[in-house]
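Undergrad: I'd like to ask you about the structure that follows.
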Amino acid sequence: MIASFRKFFEVFKMAYLNIIVPVLLAAVFLITITSGRHRHHHLMIATGGVCLSAIFLLLDLPLLISDKIIVYYQLGWMPPLGISFAVDFLNYMVCILLVLVAVASLVISKTEIHEDKREFYALFMLLLLGLFGAAMTGDIFNLFVFFEILSIASYALVSYTGQKKAIASSIKYLIMGSFSTSLILLGIVFIYGSLGTLNMADIASKVAVSSTAATIVGFGLLISGFMFKAAIAPFHAWKPSVIRYAPLSLGLMFTATGTIIGLYTIFRLVVTVGNLNISGLLIALSFLTMVLGAVLALQTQNLKKLLAYSAISQTGYVLLGIGLYGYTGAVYHMVNLVIIDILLFIVAYVVIRHFGTSNLDKMGGLGFGNPILFVSSLVGAVALAGLPMSNGFSSKLLIYISGIEVFPIATFVAMIVSVLTLAYSFKMINMIFLSNRKDAGVVKIDYDLKVVMVILVILCIVLGVFQGYFTGLMGIISGSGLDREFYIKAVLGII
Amino acid sequence: MDIIVKQVTKIVFPFIVLYGFYIALHGHLTPGGGFAAGAIIGSAFALLVIAFDEMDVEHKLTVHELIDIKSVAGFFMILIIGKLGYMFRNKLIESQTLFHLWSGGFTMIMNLAGTLMVSSAIILIIYSLEKEAWKI
Amino acid sequence: MIIYIASLAFVIIGIYTIIAKDNLVKKVIGLGIFTTGIHILLIALGYRSLGIAPIFLSGMGLSYFSSTAVDPLPQALVLTSIVIDLSVTALALTLIIKNHKMTGISDASYG
């Protein structure tokens, strides 16, 4: 079986096909932008494209399990000369999470976006292309290019609704975002100038030997640029306004994928490529992120902003896990964070559509007529706060344990922020479901949204209850990011 | 714009486009290439737009679809020619004389395709910006 | 040496323009200046005085080639980055024009 797969891949070199699908779909949407026919199938085509990408990803899995890493050399040039794509378990998990988020976002966008808007789907596909490429590439300049693609697509998507506030927040996001990507370029210049290579594995093999001050500066610039995308605390200012004024499906896309891709690149650069010893800095920034996000989420009265601040606060936990050398907990929490984000955004979408506003003060009283909605948002809130038997608990527990081993104050701060998280998530539950407003009525939920919500609730509980199995799995995934020697040898083709 | 700019634009415009094609054809021998050539041709159209600002916008809108087709054609030409050049190891069209016009193999055709795509993209951007700024 | 100072000056002027100027178009110009400074730095990395074009001819030895040829990679990187910068600038100007038409404002502090 595996041998036949290997033959298949070696003949067709298809490890990157899930990137080709979004490119072609974006081209198709752009080409047909002026023609008037076939206006009602775009959502279906886009969803089908995402599913096709997922199928190509799943076809990679047997080879990945047998080889531990799939390396694709573009046009046959070996690194460090050519650009290579290297997919190990960490990249693979990131790609799977991206597919999940994209499907959920498309499901939500069904009623938010008119189906004849081809430019929306073209931009969405370009965003997906950038995300997949950034997740799979093994070359830092290529990473920069894919980051720019996804950034430009997201700047354009923020202003998509055409409202005044949306365009204003899009301009702010664009100026801040292209400043941060310029910082990434500057970091690449420093690294190339000091080490003379752009390939990640080659950098990893040279960084221990010939690293200078310029290399450190370069890594610092790179990581600060990626922290902008992940919305780590000093660079988080774009997220609330962008999510406040974009459509909610795009809000989910930006929140979840920005977190995933930013944290993945930080993990890859800090641990695998750079082997940097900056855990003090990461812990300090994660304290700032966690506390600031939780406090701001407590004070806001807007549901969309609350979700944005909550995502910022939870991002801090993953960063704390990386800083405390608790990589298993960090990866586990990243998976949980994405699942909880999708669940809460779907709940928020249904609720906002019902009330016609995102102001929490004008909501209330939904709790009695809508069991599915109530239970799923309750599970989401519980998991967000990390109460036992939920997936948030099992990942936060791993981070707490690594904190006790390394730096006990970190565990203390993380627990306090957990209490704050409980406070704001139950504020949300209280204001949407429990207040004594009588005329709230029954919310009409679409069938597909119901299915997705039930699946996500089951995932939350399963990831929480079977903690042992998933800890092992996440250990394997984070271990593939930790094994530097294997990565270097596999990508450079030494073995 | 006043009459001097208009007359000078009328005279200079074909030469800028010609220079752009020169850069595209000699992209593998001298500095330049598809992107630079496309940018030069696009800048010629920018000059046109700036000089004749009362040129009717409806006329420009009909240009859009043509430019769309040009851009898409450039995209697929790059895909196909790039793949062909890789498959034939750049050996199909080649003269052995160094610095001869045909010594680059597929590179010259790639540059032309790139010129097509980049110039149409830049013209599209400039026309759209102008439409945004003046009309509607 | 002077080219490094020039790139540093470009970067500083760009950052100053982004931070201090209130007009959005000026901010976009500042972004352009900032990226140009980075491009100059990148080109300066690959430059070699009295270098030759990086074409390997059969007559020259490998050591001679590697000690005199100019590094061609930074130019490719700069070209890619210029293309990206072009599209970012075009998108930014479109959004600013649209914002100006809707609100009549092109300043950051009111937008």
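Identifiers in this document derive from the order of the structure tokens: chains are assigned A, B, ..., residues are numbered from 1 separately in each chain, and ligands are numbered from 1 in order of occurrence.
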Go through chain B residue by residue and, counting only C-alpha atoms, keep those with an atom at most 12 Å from chain C; for each kept residue give the shortest atom pair and its distance in Å to one decimal, ordered by chain and increasing number, as a tab-separated table.

TA:
residue	atom	partner	partner_atom	distance
B:His28	CA	C:Ile55	CA	11.3
B:Leu29	CA	C:Ala53	CA	10.6
B:Thr30	CA	C:Ala53	CA	10.4
B:Pro31	CA	C:Gln75	CA	10.5
B:Gly32	CA	C:Leu79	CA	10.2
B:Gly33	CA	C:Leu79	CA	10.2
B:Gly34	CA	C:Leu79	CA	10.7
B:Phe35	CA	C:Val83	CA	8.1
B:Ala36	CA	C:Leu79	CA	9.1
B:Gly38	CA	C:Val83	CA	11.2
B:Ala39	CA	C:Val83	CA	9.9
B:Leu98	CA	C:Leu57	CA	9.7
B:Phe99	CA	C:Ile55	CA	11.1
B:Val118	CA	C:Val83	CA	9.4
B:Ala121	CA	C:Ser87	CA	9.7
B:Ile122	CA	C:Leu86	CA	9.1
B:Ile123	CA	C:Ala90	CA	11.6
B:Leu124	CA	C:Ala90	CA	10.6
B:Ile125	CA	C:Ala90	CA	6.9
B:Ile126	CA	C:Ala90	CA	8.5
B:Tyr127	CA	C:Thr94	CA	11.2
B:Ser128	CA	C:Thr94	CA	8.4
B:Leu129	CA	C:Thr94	CA	6.2
B:Glu130	CA	C:Thr94	CA	9.6
B:Lys131	CA	C:Thr94	CA	10.3
B:Glu132	CA	C:Ile97	CA	7.0
B:Ala133	CA	C:Ile97	CA	6.5
B:Trp134	CA	C:Lys101	CA	10.0
B:Lys135	CA	C:Lys101	CA	10.5
B:Ile136	CA	C:Lys101	CA	9.6

Undergrad: What does the file look like for those residues with N, CA and C atoms, as a PDB file, in the first residue's frame?

TA:
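Dumped to out_16.pdb:
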ATOM      1  N   HIS B  28      17.174  38.903 -21.314  1.00  0.00           N
ATOM      2  CA  HIS B  28      18.141  37.898 -20.895  1.00  0.00           C
ATOM      3  C   HIS B  28      19.569  38.329 -21.193  1.00  0.00           C
ATOM      4  N   LEU B  29      19.743  39.464 -21.901  1.00  0.00           N
ATOM      5  CA  LEU B  29      21.096  39.906 -22.240  1.00  0.00           C
ATOM      6  C   LEU B  29      21.521  41.129 -21.459  1.00  0.00           C
ATOM      7  N   THR B  30      20.582  42.037 -21.249  1.00  0.00           N
ATOM      8  CA  THR B  30      20.887  43.276 -20.531  1.00  0.00           C
ATOM      9  C   THR B  30      19.978  43.338 -19.316  1.00  0.00           C
ATOM     10  N   PRO B  31      20.263  44.252 -18.391  1.00  0.00           N
ATOM     11  CA  PRO B  31      19.369  44.363 -17.237  1.00  0.00           C
ATOM     12  C   PRO B  31      17.941  44.642 -17.679  1.00  0.00           C
ATOM     13  N   GLY B  32      16.995  44.039 -16.994  1.00  0.00           N
ATOM     14  CA  GLY B  32      15.599  44.210 -17.367  1.00  0.00           C
ATOM     15  C   GLY B  32      14.912  42.860 -17.398  1.00  0.00           C
ATOM     16  N   GLY B  33      13.802  42.794 -18.082  1.00  0.00           N
ATOM     17  CA  GLY B  33      13.064  41.551 -18.138  1.00  0.00           C
ATOM     18  C   GLY B  33      11.585  41.838 -18.213  1.00  0.00           C
ATOM     19  N   GLY B  34      10.807  40.817 -17.974  1.00  0.00           N
ATOM     20  CA  GLY B  34       9.372  40.947 -18.145  1.00  0.00           C
ATOM     21  C   GLY B  34       8.754  41.998 -17.265  1.00  0.00           C
ATOM     22  N   PHE B  35       9.147  42.010 -16.000  1.00  0.00           N
ATOM     23  CA  PHE B  35       8.498  42.943 -15.088  1.00  0.00           C
ATOM     24  C   PHE B  35       8.861  44.383 -15.416  1.00  0.00           C
ATOM     25  N   ALA B  36      10.164  44.616 -15.653  1.00  0.00           N
ATOM     26  CA  ALA B  36      10.584  45.989 -15.946  1.00  0.00           C
ATOM     27  C   ALA B  36       9.916  46.490 -17.215  1.00  0.00           C
ATOM     28  N   GLY B  38       7.104  45.460 -18.547  1.00  0.00           N
ATOM     29  CA  GLY B  38       5.686  45.695 -18.286  1.00  0.00           C
ATOM     30  C   GLY B  38       5.465  46.986 -17.547  1.00  0.00           C
ATOM     31  N   ALA B  39       6.350  47.293 -16.609  1.00  0.00           N
ATOM     32  CA  ALA B  39       6.208  48.535 -15.851  1.00  0.00           C
ATOM     33  C   ALA B  39       6.404  49.738 -16.758  1.00  0.00           C
ATOM     34  N   LEU B  98      27.168  33.213 -27.878  1.00  0.00           N
ATOM     35  CA  LEU B  98      26.891  33.903 -26.639  1.00  0.00           C
ATOM     36  C   LEU B  98      26.472  35.337 -26.924  1.00  0.00           C
ATOM     37  N   PHE B  99      25.537  35.842 -26.125  1.00  0.00           N
ATOM     38  CA  PHE B  99      24.993  37.190 -26.259  1.00  0.00           C
ATOM     39  C   PHE B  99      24.282  37.406 -27.590  1.00  0.00           C
ATOM     40  N   VAL B 118       2.242  41.751 -16.900  1.00  0.00           N
ATOM     41  CA  VAL B 118       2.509  42.874 -16.002  1.00  0.00           C
ATOM     42  C   VAL B 118       1.953  44.168 -16.576  1.00  0.00           C
ATOM     43  N   ALA B 121      -1.715  44.247 -16.174  1.00  0.00           N
ATOM     44  CA  ALA B 121      -2.087  44.452 -14.767  1.00  0.00           C
ATOM     45  C   ALA B 121      -1.916  45.915 -14.380  1.00  0.00           C
ATOM     46  N   ILE B 122      -0.799  46.528 -14.816  1.00  0.00           N
ATOM     47  CA  ILE B 122      -0.553  47.922 -14.416  1.00  0.00           C
ATOM     48  C   ILE B 122      -1.541  48.858 -15.097  1.00  0.00           C
ATOM     49  N   ILE B 123      -1.836  48.589 -16.386  1.00  0.00           N
ATOM     50  CA  ILE B 123      -2.825  49.426 -17.080  1.00  0.00           C
ATOM     51  C   ILE B 123      -4.178  49.312 -16.385  1.00  0.00           C
ATOM     52  N   LEU B 124      -4.514  48.079 -15.999  1.00  0.00           N
ATOM     53  CA  LEU B 124      -5.791  47.863 -15.308  1.00  0.00           C
ATOM     54  C   LEU B 124      -5.833  48.641 -13.994  1.00  0.00           C
ATOM     55  N   ILE B 125      -4.717  48.586 -13.237  1.00  0.00           N
ATOM     56  CA  ILE B 125      -4.673  49.296 -11.958  1.00  0.00           C
ATOM     57  C   ILE B 125      -4.845  50.790 -12.180  1.00  0.00           C
ATOM     58  N   ILE B 126      -4.113  51.323 -13.176  1.00  0.00           N
ATOM     59  CA  ILE B 126      -4.150  52.777 -13.384  1.00  0.00           C
ATOM     60  C   ILE B 126      -5.529  53.218 -13.841  1.00  0.00           C
ATOM     61  N   TYR B 127      -6.124  52.465 -14.765  1.00  0.00           N
ATOM     62  CA  TYR B 127      -7.456  52.839 -15.237  1.00  0.00           C
ATOM     63  C   TYR B 127      -8.478  52.741 -14.113  1.00  0.00           C
ATOM     64  N   SER B 128      -8.351  51.682 -13.283  1.00  0.00           N
ATOM     65  CA  SER B 128      -9.328  51.542 -12.200  1.00  0.00           C
ATOM     66  C   SER B 128      -9.204  52.686 -11.208  1.00  0.00           C
ATOM     67  N   LEU B 129      -7.937  53.049 -10.888  1.00  0.00           N
ATOM     68  CA  LEU B 129      -7.736  54.155  -9.955  1.00  0.00           C
ATOM     69  C   LEU B 129      -8.317  55.432 -10.526  1.00  0.00           C
ATOM     70  N   GLU B 130      -8.102  55.640 -11.821  1.00  0.00           N
ATOM     71  CA  GLU B 130      -8.596  56.853 -12.445  1.00  0.00           C
ATOM     72  C   GLU B 130     -10.116  56.860 -12.436  1.00  0.00           C
ATOM     73  N   LYS B 131     -10.709  55.694 -12.700  1.00  0.00           N
ATOM     74  CA  LYS B 131     -12.168  55.595 -12.689  1.00  0.00           C
ATOM     75  C   LYS B 131     -12.701  55.895 -11.292  1.00  0.00           C
ATOM     76  N   GLU B 132     -12.009  55.304 -10.271  1.00  0.00           N
ATOM     77  CA  GLU B 132     -12.414  55.558  -8.887  1.00  0.00           C
ATOM     78  C   GLU B 132     -12.335  57.041  -8.572  1.00  0.00           C
ATOM     79  N   ALA B 133     -11.257  57.679  -9.071  1.00  0.00           N
ATOM     80  CA  ALA B 133     -11.016  59.057  -8.658  1.00  0.00           C
ATOM     81  C   ALA B 133     -11.983  60.028  -9.321  1.00  0.00           C
ATOM     82  N   TRP B 134     -12.374  59.770 -10.577  1.00  0.00           N
ATOM     83  CA  TRP B 134     -13.141  60.791 -11.298  1.00  0.00           C
ATOM     84  C   TRP B 134     -14.614  60.454 -11.438  1.00  0.00           C
ATOM     85  N   LYS B 135     -14.928  59.184 -11.607  1.00  0.00           N
ATOM     86  CA  LYS B 135     -16.299  58.836 -11.970  1.00  0.00           C
ATOM     87  C   LYS B 135     -17.051  58.325 -10.751  1.00  0.00           C
ATOM     88  N   ILE B 136     -18.344  58.225 -10.855  1.00  0.00           N
ATOM     89  CA  ILE B 136     -19.268  57.605  -9.904  1.00  0.00           C
ATOM     90  C   ILE B 136     -19.312  58.335  -8.558  1.00  0.00           C
TER      91      ILE B 136
END

Undergrad: Mind listing as a PyMOL selection string which residues of chain A are within 12 Å of chain C, counting only C-alpha atoms?

TA: chain A and resi 80-82+140-142+144-160+162-198

Undergrad: Of the candidates B:Met108, B:Gly114, B:Ser119, B:Val72, which one gets nearest to chain A if we count only C-alpha atoms?

TA: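 Ranked by minimum distance to chain A, first place goes to B:Val72.
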
Undergrad: Please provide as a PDB file with N, CA and C atoms, in the first residue's frame all residues within 8 Å of range 333-348 of chain A, with the sequence filter that same-chain residues fewer than 2 positions apart are discarded (counting only C-alpha atoms).

TA:
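Writing the result to out-v6.pdb gives the following:
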ATOM      1  N   LEU A  97      -5.801  22.008  10.195  1.00  0.00           N
ATOM      2  CA  LEU A  97      -6.558  23.040  10.924  1.00  0.00           C
ATOM      3  C   LEU A  97      -7.021  24.134   9.976  1.00  0.00           C
ATOM      4  N   VAL A 101     -10.875  25.415   9.356  1.00  0.00           N
ATOM      5  CA  VAL A 101     -11.327  26.803   9.492  1.00  0.00           C
ATOM      6  C   VAL A 101     -11.946  27.295   8.198  1.00  0.00           C
ATOM      7  N   ALA A 104     -15.442  25.850   7.740  1.00  0.00           N
ATOM      8  CA  ALA A 104     -16.404  26.484   8.648  1.00  0.00           C
ATOM      9  C   ALA A 104     -16.720  27.896   8.198  1.00  0.00           C
ATOM     10  N   ILE A 108     -20.369  29.470   7.110  1.00  0.00           N
ATOM     11  CA  ILE A 108     -20.996  30.674   7.671  1.00  0.00           C
ATOM     12  C   ILE A 108     -21.273  31.690   6.575  1.00  0.00           C
ATOM     13  N   LEU A 248     -18.739  38.193   9.598  1.00  0.00           N
ATOM     14  CA  LEU A 248     -18.320  37.296  10.673  1.00  0.00           C
ATOM     15  C   LEU A 248     -17.556  36.087  10.144  1.00  0.00           C
ATOM     16  N   LEU A 252     -13.908  35.015  11.509  1.00  0.00           N
ATOM     17  CA  LEU A 252     -13.427  33.684  11.914  1.00  0.00           C
ATOM     18  C   LEU A 252     -12.158  33.332  11.162  1.00  0.00           C
ATOM     19  N   ALA A 256      -8.763  32.818  13.390  1.00  0.00           N
ATOM     20  CA  ALA A 256      -8.213  31.476  13.569  1.00  0.00           C
ATOM     21  C   ALA A 256      -6.969  31.271  12.728  1.00  0.00           C
ATOM     22  N   ILE A 260      -3.154  30.549  13.897  1.00  0.00           N
ATOM     23  CA  ILE A 260      -2.470  29.302  13.542  1.00  0.00           C
ATOM     24  C   ILE A 260      -1.152  29.596  12.850  1.00  0.00           C
ATOM     25  N   LEU A 303     -20.091  41.718  21.058  1.00  0.00           N
ATOM     26  CA  LEU A 303     -19.822  40.287  20.989  1.00  0.00           C
ATOM     27  C   LEU A 303     -18.624  39.978  20.092  1.00  0.00           C
ATOM     28  N   LYS A 304     -18.566  40.669  18.930  1.00  0.00           N
ATOM     29  CA  LYS A 304     -17.453  40.394  18.017  1.00  0.00           C
ATOM     30  C   LYS A 304     -16.129  40.785  18.648  1.00  0.00           C
ATOM     31  N   LEU A 307     -15.030  38.271  21.218  1.00  0.00           N
ATOM     32  CA  LEU A 307     -14.400  37.082  20.642  1.00  0.00           C
ATOM     33  C   LEU A 307     -12.980  37.385  20.193  1.00  0.00           C
ATOM     34  N   ALA A 311      -9.679  35.605  21.658  1.00  0.00           N
ATOM     35  CA  ALA A 311      -8.692  34.897  20.841  1.00  0.00           C
ATOM     36  C   ALA A 311      -7.289  35.411  21.133  1.00  0.00           C
ATOM     37  N   GLN A 314      -6.157  33.903  24.420  1.00  0.00           N
ATOM     38  CA  GLN A 314      -5.808  32.481  24.342  1.00  0.00           C
ATOM     39  C   GLN A 314      -4.527  32.264  23.555  1.00  0.00           C
ATOM     40  N   THR A 315      -4.238  33.167  22.596  1.00  0.00           N
ATOM     41  CA  THR A 315      -2.974  33.059  21.868  1.00  0.00           C
ATOM     42  C   THR A 315      -1.797  33.143  22.826  1.00  0.00           C
ATOM     43  N   TYR A 317      -1.603  31.915  25.739  1.00  0.00           N
ATOM     44  CA  TYR A 317      -1.314  30.622  26.357  1.00  0.00           C
ATOM     45  C   TYR A 317      -0.372  29.791  25.502  1.00  0.00           C
ATOM     46  N   VAL A 318      -0.626  29.792  24.176  1.00  0.00           N
ATOM     47  CA  VAL A 318       0.230  28.991  23.301  1.00  0.00           C
ATOM     48  C   VAL A 318       1.656  29.526  23.344  1.00  0.00           C
ATOM     49  N   GLY A 329       2.005  20.893  25.161  1.00  0.00           N
ATOM     50  CA  GLY A 329       0.858  21.662  25.607  1.00  0.00           C
ATOM     51  C   GLY A 329       0.540  22.790  24.648  1.00  0.00           C
ATOM     52  N   ALA A 330       1.589  23.428  24.090  1.00  0.00           N
ATOM     53  CA  ALA A 330       1.359  24.547  23.169  1.00  0.00           C
ATOM     54  C   ALA A 330       0.612  24.085  21.931  1.00  0.00           C
ATOM     55  N   VAL A 331       1.084  22.958  21.350  1.00  0.00           N
ATOM     56  CA  VAL A 331       0.435  22.459  20.131  1.00  0.00           C
ATOM     57  C   VAL A 331      -0.992  22.010  20.429  1.00  0.00           C
ATOM     58  N   VAL A 350     -24.998  33.025  14.584  1.00  0.00           N
ATOM     59  CA  VAL A 350     -26.436  32.750  14.700  1.00  0.00           C
ATOM     60  C   VAL A 350     -27.100  33.812  15.561  1.00  0.00           C
ATOM     61  N   VAL A 351     -26.457  34.152  16.683  1.00  0.00           N
ATOM     62  CA  VAL A 351     -27.054  35.101  17.623  1.00  0.00           C
ATOM     63  C   VAL A 351     -27.140  36.496  17.002  1.00  0.00           C
ATOM     64  N   ILE A 352     -26.046  36.913  16.335  1.00  0.00           N
ATOM     65  CA  ILE A 352     -26.040  38.258  15.753  1.00  0.00           C
ATOM     66  C   ILE A 352     -27.061  38.359  14.633  1.00  0.00           C
ATOM     67  N   LEU A 373     -28.140  25.592  20.687  1.00  0.00           N
ATOM     68  CA  LEU A 373     -27.322  26.799  20.754  1.00  0.00           C
ATOM     69  C   LEU A 373     -26.771  26.996  22.159  1.00  0.00           C
ATOM     70  N   SER A 376     -24.113  24.325  23.051  1.00  0.00           N
ATOM     71  CA  SER A 376     -22.827  24.461  22.363  1.00  0.00           C
ATOM     72  C   SER A 376     -22.075  25.694  22.852  1.00  0.00           C
ATOM     73  N   SER A 377     -22.789  26.787  23.139  1.00  0.00           N
ATOM     74  CA  SER A 377     -22.034  27.931  23.635  1.00  0.00           C
ATOM     75  C   SER A 377     -21.565  27.686  25.059  1.00  0.00           C
ATOM     76  N   GLY A 380     -18.498  25.696  24.673  1.00  0.00           N
ATOM     77  CA  GLY A 380     -17.426  26.567  24.222  1.00  0.00           C
ATOM     78  C   GLY A 380     -16.868  27.405  25.350  1.00  0.00           C
ATOM     79  N   ALA A 383     -14.888  25.234  27.768  1.00  0.00           N
ATOM     80  CA  ALA A 383     -13.603  24.828  27.207  1.00  0.00           C
ATOM     81  C   ALA A 383     -12.638  26.012  27.155  1.00  0.00           C
ATOM     82  N   LEU A 384     -13.185  27.195  26.863  1.00  0.00           N
ATOM     83  CA  LEU A 384     -12.344  28.387  26.817  1.00  0.00           C
ATOM     84  C   LEU A 384     -11.723  28.652  28.183  1.00  0.00           C
ATOM     85  N   ASN A 391     -11.732  20.224  26.515  1.00  0.00           N
ATOM     86  CA  ASN A 391     -10.420  20.138  25.867  1.00  0.00           C
ATOM     87  C   ASN A 391      -9.489  21.248  26.333  1.00  0.00           C
ATOM     88  N   GLY A 392     -10.060  22.411  26.689  1.00  0.00           N
ATOM     89  CA  GLY A 392      -9.214  23.479  27.196  1.00  0.00           C
ATOM     90  C   GLY A 392      -8.489  23.075  28.458  1.00  0.00           C
ATOM     91  N   SER A 395      -5.291  20.796  27.712  1.00  0.00           N
ATOM     92  CA  SER A 395      -4.104  21.466  27.183  1.00  0.00           C
ATOM     93  C   SER A 395      -3.538  22.457  28.191  1.00  0.00           C
ATOM     94  N   LYS A 396      -4.439  23.171  28.893  1.00  0.00           N
ATOM     95  CA  LYS A 396      -3.920  24.120  29.877  1.00  0.00           C
ATOM     96  C   LYS A 396      -3.183  23.394  30.995  1.00  0.00           C
ATOM     97  N   LEU A 449     -25.359  24.347   9.816  1.00  0.00           N
ATOM     98  CA  LEU A 449     -24.724  24.939  10.993  1.00  0.00           C
ATOM     99  C   LEU A 449     -24.942  24.063  12.217  1.00  0.00           C
ATOM    100  N   MET A 453     -22.042  22.467  14.471  1.00  0.00           N
ATOM    101  CA  MET A 453     -21.979  22.740  15.904  1.00  0.00           C
ATOM    102  C   MET A 453     -21.924  21.464  16.716  1.00  0.00           C
ATOM    103  N   LEU A 456     -18.513  19.911  16.455  1.00  0.00           N
ATOM    104  CA  LEU A 456     -17.487  20.625  17.219  1.00  0.00           C
ATOM    105  C   LEU A 456     -17.641  20.379  18.709  1.00  0.00           C
ATOM    106  N   VAL A 457     -18.916  20.312  19.192  1.00  0.00           N
ATOM    107  CA  VAL A 457     -19.117  20.026  20.613  1.00  0.00           C
ATOM    108  C   VAL A 457     -18.572  18.645  20.957  1.00  0.00           C
ATOM    109  N   LEU A 459     -16.226  17.084  19.375  1.00  0.00           N
ATOM    110  CA  LEU A 459     -14.767  17.169  19.324  1.00  0.00           C
ATOM    111  C   LEU A 459     -14.214  17.754  20.617  1.00  0.00           C
ATOM    112  N   CYS A 460     -14.861  18.823  21.120  1.00  0.00           N
ATOM    113  CA  CYS A 460     -14.416  19.440  22.363  1.00  0.00           C
ATOM    114  C   CYS A 460     -14.393  18.419  23.484  1.00  0.00           C
ATOM    115  N   LEU A 463     -11.750  15.539  22.820  1.00  0.00           N
ATOM    116  CA  LEU A 463     -10.383  15.995  23.059  1.00  0.00           C
ATOM    117  C   LEU A 463     -10.127  16.201  24.542  1.00  0.00           C
TER     118      LEU A 463
END
